[in-house]
Amino acid sequence: MTELRFDDRVVIVTGGGRGVGRSHALLLASKGARVIVADYGVDLDGGGSSPAPADAVVREIGEAGGQAVACYASVAEELSAAQIVDTALNTFGRIDAVINNAGIHDPGLFADLTVDQFRTMLDVHFLGTLFVVRAAWPHFVRAGYGRVVNTVSEAMLGGIPELSSYGAAKAAVFGLTRNLATEGLPHGIRVNAIAPRAFTRLSAAHSDKVAEVMAMTKETMDEINASMPPDLCAPAAAFLAHESCSLNGEVLQTGMGSVARIAVVFSPGIWRSPMTAEDIAENIDTIMDIRNAGVTDSAAPRM
């Protein structure tokens with residue numbers, strides 16, 4: 001198959017200074033993209049800032065013969081997020097794709113998390129994604145082309161301890177992704193997401209708790225973590241950001257050497273008119289049976 005190249009394309013990668021974002025930026029640059037490495041350099045919980053992570057990746061790309069520029073703006077502030085798009089336009093004169101990867105991590109039991117902690121998660125993950133896409137959107141519409149790759153998480157589906165704030169914020173990004181996919185299609189814009197499985201500084205901070213809840217030994221958890229280098233997530237992001245990708249409104253779970261589709265489905269269910277609570281109780285097994293389920297579409301069928 002022909003290599004998926006990004007020659008003459010300009011791609012923004014938020015949170016591009018470390019972890020999964022760094023892997024995205026390096027792979028895209030190796031494929032010819034001119035990359036905006038946007039990273040505010042914050043701590044795990046969103047505090048502090050440093051230009052060092054973004055600078056290091058830009059330097060690494062340059063030493064490999066690629067083109068990249070750093071931007072230290074925060075995605076959590078609307079004007080600051082717009083500066084990221086302005087950096088692409090002012091430096092390279094265009095913007096073709098945005099990969100929203102910036103994120104923070106602050107796990108805790110639901111009863112212990114403060115409302116401010118929930119707000120901070122939404123500020124970075126949801127509003128951070130929203131602000132960057134809003135700044136890029138009119139340029140995509142004028143060009144009649146654009147690719148948006150958001151970052152969600154399996155945590156939005158539950159099942160991982162102490163991630164109610166993080167999982168809820170990622171679920172908001174999922175809802176935004178699906179609705180933008182609907183609106184973007186007439187303008188040649190495709191909007192999708194990845195759900196990475198990667199061992200990064202974010203997941204490392206929560207690794208012991210996951211092992212405890214899942215009744216895993218430290219050795220087993222270490223083996224699992226070793227199987228999740230961030231670079232294994234980058235190919236899926238690159239595919240979704242490429243002009244040849246016709247997917248829209250989809251989520252690809254990626255990492256550990258695998259790629260799979262995450263989809264919302266609906267069962268055939270039951271039909272009654274009128275419907276009673278007793279009808280539901282008596283037919284709950286049929287309602288919950290997804291053997292002949294359909295997948296919800298966010299936009300027109302794939303071309």
# chains A, B, ... in the order shown; residues from 1 in each chain; ligands from 1
call {"tool": "select_by_dssp", "arguments": {"residues": "stretch 55-257 of chain A", "states": "helix (DSSP H, G or I)", "output": "PyMOL selection string"}}
result
chain A and resi 55-63+78-92+115-143+154-157+164-187+201-204+207-213+218-226+230-241
call {"tool": "closest_atom_pairs", "arguments": {"of": "stretch 16-99 of chain A", "to": "stretch 235-249 of chain A", "cutoff": "10 Å", "atoms": "only C-alpha atoms", "output": "Markdown table"}}
result
| residue | atom | partner | partner_atom | distance |
| --- | --- | --- | --- | --- |
| A:Val20 | CA | A:Ala237 | CA | 9.9 |
| A:Gly21 | CA | A:Ala237 | CA | 9.8 |
| A:Ser23 | CA | A:Pro235 | CA | 9.2 |
| A:His24 | CA | A:Ala237 | CA | 6.9 |
| A:Ala25 | CA | A:Ala238 | CA | 9.3 |
| A:Leu27 | CA | A:Ala238 | CA | 7.6 |
| A:Leu28 | CA | A:Ala238 | CA | 6.5 |
| A:Lys31 | CA | A:Ala238 | CA | 9.2 |
| A:Asp96 | CA | A:Ala241 | CA | 8.6 |
| A:Ala97 | CA | A:Ala241 | CA | 6.1 |
| A:Val98 | CA | A:Ala241 | CA | 7.6 |
| A:Ile99 | CA | A:Ala241 | CA | 7.5 |
call {"tool": "residues_around", "arguments": {"residues": "A:Ser153", "least_positions_apart": "3", "cutoff": "9 Å", "atoms": "only C-alpha atoms", "output": "VMD selection string"}}
result
chain A and resid 156 to 157 166 to 167 170 to 171 174 194 to 197 253
call {"tool": "atom_distance", "arguments": {"atom1": "atom CA of A:Arg147", "atom2": "atom CA of A:Ile189"}}
result
5.7 Å
call {"tool": "residues_around", "arguments": {"residues": "A:Glu162", "least_positions_apart": "5", "cutoff": "7 Å", "atoms": "only C-alpha atoms", "output": "list in words"}}
result
Pro107, Gly108, Leu109 and Phe110 of chain A
call {"tool": "write_last_selection", "arguments": {"atoms": "N, CA and C atoms", "output": "PDB file, in the first residue's frame"}}
result
ATOM      1  N   PRO A 107      -6.962  11.710  39.708  1.00  0.00           N
ATOM      2  CA  PRO A 107      -7.935  10.700  40.132  1.00  0.00           C
ATOM      3  C   PRO A 107      -8.335  10.847  41.597  1.00  0.00           C
ATOM      4  N   GLY A 108      -9.485  10.302  41.906  1.00  0.00           N
ATOM      5  CA  GLY A 108      -9.960  10.315  43.284  1.00  0.00           C
ATOM      6  C   GLY A 108     -11.351   9.727  43.362  1.00  0.00           C
ATOM      7  N   LEU A 109     -11.730   9.306  44.535  1.00  0.00           N
ATOM      8  CA  LEU A 109     -13.081   8.794  44.737  1.00  0.00           C
ATOM      9  C   LEU A 109     -14.101   9.907  44.509  1.00  0.00           C
ATOM     10  N   PHE A 110     -15.240   9.557  43.953  1.00  0.00           N
ATOM     11  CA  PHE A 110     -16.273  10.550  43.647  1.00  0.00           C
ATOM     12  C   PHE A 110     -16.621  11.394  44.863  1.00  0.00           C
TER      13      PHE A 110
END
call {"tool": "atom_distance", "arguments": {"atom1": "atom CA of A:Ile61", "atom2": "atom CA of A:Arg22"}}
result
10.1 Å
call {"tool": "closest_residue", "arguments": {"among": "A:Thr91, A:Val149, A:Ser50, A:Gly294", "to": "A:Ala234", "atoms": "only C-alpha atoms"}}
result
A:Val149
call {"tool": "residues_around", "arguments": {"residues": "A:Ala70", "least_positions_apart": "3", "cutoff": "6 Å", "atoms": "only C-alpha atoms", "output": "number ranges by chain"}}
result
A: 36-38, 54
call {"tool": "write_last_selection", "arguments": {"atoms": "N, CA and C atoms", "output": "short mmCIF file (atom, residue, chain, number, x, y, z; two decimals), in the first residue's frame"}}
result
data_model
loop_
_atom_site.label_atom_id
_atom_site.label_comp_id
_atom_site.auth_asym_id
_atom_site.auth_seq_id
_atom_site.Cartn_x
_atom_site.Cartn_y
_atom_site.Cartn_z
N ILE A 36 2.80 21.74 14.52
CA ILE A 36 2.76 22.68 15.63
C ILE A 36 2.73 21.84 16.91
N VAL A 37 3.81 21.87 17.66
CA VAL A 37 3.88 21.14 18.92
C VAL A 37 3.39 22.07 20.01
N ALA A 38 2.11 21.92 20.36
CA ALA A 38 1.49 22.81 21.35
C ALA A 38 1.49 22.12 22.70
N ALA A 54 7.74 21.05 24.88
CA ALA A 54 7.51 21.39 23.47
C ALA A 54 8.82 21.65 22.75
#
call {"tool": "select_by_dssp", "arguments": {"residues": "stretch 52-248 of chain A", "states": "strand (DSSP E)", "output": "PyMOL selection string"}}
result
chain A and resi 67-71+97-99+146-151+189-196
call {"tool": "write_last_selection", "arguments": {"atoms": "N, CA and C atoms", "output": "compact mmCIF listing (two decimals), in the first residue's frame"}}
result
# COMPACT_ATOMS: atom_id res chain seq x y z
N GLN A 67 10.07 19.47 10.05
CA GLN A 67 9.74 20.86 10.34
C GLN A 67 8.71 20.92 11.47
N ALA A 68 8.99 21.73 12.47
CA ALA A 68 8.07 21.88 13.59
C ALA A 68 8.33 23.20 14.28
N VAL A 69 7.31 23.70 14.94
CA VAL A 69 7.43 24.90 15.73
C VAL A 69 6.68 24.69 17.03
N ALA A 70 7.19 25.25 18.11
CA ALA A 70 6.56 25.10 19.42
C ALA A 70 5.56 26.21 19.69
N CYS A 71 4.55 25.88 20.48
CA CYS A 71 3.61 26.87 20.98
C CYS A 71 3.30 26.50 22.42
N ALA A 97 -5.04 19.85 9.81
CA ALA A 97 -5.54 18.88 10.78
C ALA A 97 -5.20 19.33 12.19
N VAL A 98 -6.06 18.94 13.12
CA VAL A 98 -5.83 19.18 14.53
C VAL A 98 -5.96 17.86 15.27
N ILE A 99 -4.96 17.54 16.08
CA ILE A 99 -5.05 16.39 16.97
C ILE A 99 -5.09 16.93 18.40
N GLY A 146 -10.72 19.48 6.18
CA GLY A 146 -10.11 19.50 7.51
C GLY A 146 -10.23 18.15 8.17
N ARG A 147 -9.31 17.88 9.06
CA ARG A 147 -9.34 16.64 9.84
C ARG A 147 -9.18 17.00 11.32
N VAL A 148 -10.08 16.48 12.15
CA VAL A 148 -10.01 16.67 13.59
C VAL A 148 -9.93 15.30 14.23
N VAL A 149 -8.91 15.11 15.07
CA VAL A 149 -8.75 13.86 15.82
C VAL A 149 -8.75 14.22 17.30
N ASN A 150 -9.81 13.86 17.98
CA ASN A 150 -9.91 14.13 19.41
C ASN A 150 -9.42 12.93 20.20
N THR A 151 -9.21 13.13 21.48
CA THR A 151 -8.75 12.04 22.35
C THR A 151 -9.79 11.80 23.44
N ILE A 189 -15.04 18.18 6.22
CA ILE A 189 -14.34 18.00 7.49
C ILE A 189 -14.72 16.65 8.08
N ARG A 190 -13.73 15.88 8.47
CA ARG A 190 -13.96 14.61 9.14
C ARG A 190 -13.51 14.75 10.59
N VAL A 191 -14.34 14.28 11.53
CA VAL A 191 -14.04 14.40 12.95
C VAL A 191 -14.15 13.02 13.59
N ASN A 192 -13.06 12.55 14.14
CA ASN A 192 -13.01 11.24 14.78
C ASN A 192 -12.23 11.34 16.09
N ALA A 193 -12.04 10.22 16.75
CA ALA A 193 -11.32 10.23 18.02
C ALA A 193 -10.56 8.92 18.20
N ILE A 194 -9.55 8.98 19.04
CA ILE A 194 -8.86 7.77 19.48
C ILE A 194 -9.04 7.63 20.98
N ALA A 195 -9.03 6.39 21.43
CA ALA A 195 -9.01 6.08 22.86
C ALA A 195 -7.71 5.32 23.12
N PRO A 196 -6.66 6.03 23.54
CA PRO A 196 -5.34 5.41 23.65
C PRO A 196 -5.22 4.47 24.85
call {"tool": "residues_around", "arguments": {"residues": "A:Ala33", "least_positions_apart": "3", "cutoff": "8 Å", "atoms": "only C-alpha atoms", "output": "VMD selection string"}}
result
chain A and resid 5 to 11 28 to 30 66 to 67
call {"tool": "write_last_selection", "arguments": {"atoms": "C-alpha atoms", "output": "compact mmCIF listing (two decimals), in the first residue's frame"}}
result
# COMPACT_ATOMS: atom_id res chain seq x y z
CA ARG A 5 2.24 10.99 3.56
CA PHE A 6 1.57 14.48 4.93
CA ASP A 7 3.80 16.50 2.60
CA ASP A 8 2.70 20.16 2.50
CA ARG A 9 0.15 19.50 5.26
CA VAL A 10 0.17 21.40 8.56
CA VAL A 11 -0.94 19.56 11.69
CA LEU A 28 3.57 12.97 11.55
CA ALA A 29 6.80 14.89 11.06
CA SER A 30 8.51 11.75 9.75
CA GLY A 66 11.51 17.57 9.82
CA GLN A 67 9.74 20.86 10.34
call {"tool": "residues_around", "arguments": {"residues": "stretch 76-87 of chain A", "least_positions_apart": "5", "cutoff": "6 Å", "atoms": "only C-alpha atoms", "output": "PyMOL selection string"}}
result
chain A and resi 123-124+128+131-132+135
call {"tool": "atom_distance", "arguments": {"atom1": "atom CA of A:Thr129", "atom2": "atom CA of A:Ala64"}}
result
29.1 Å
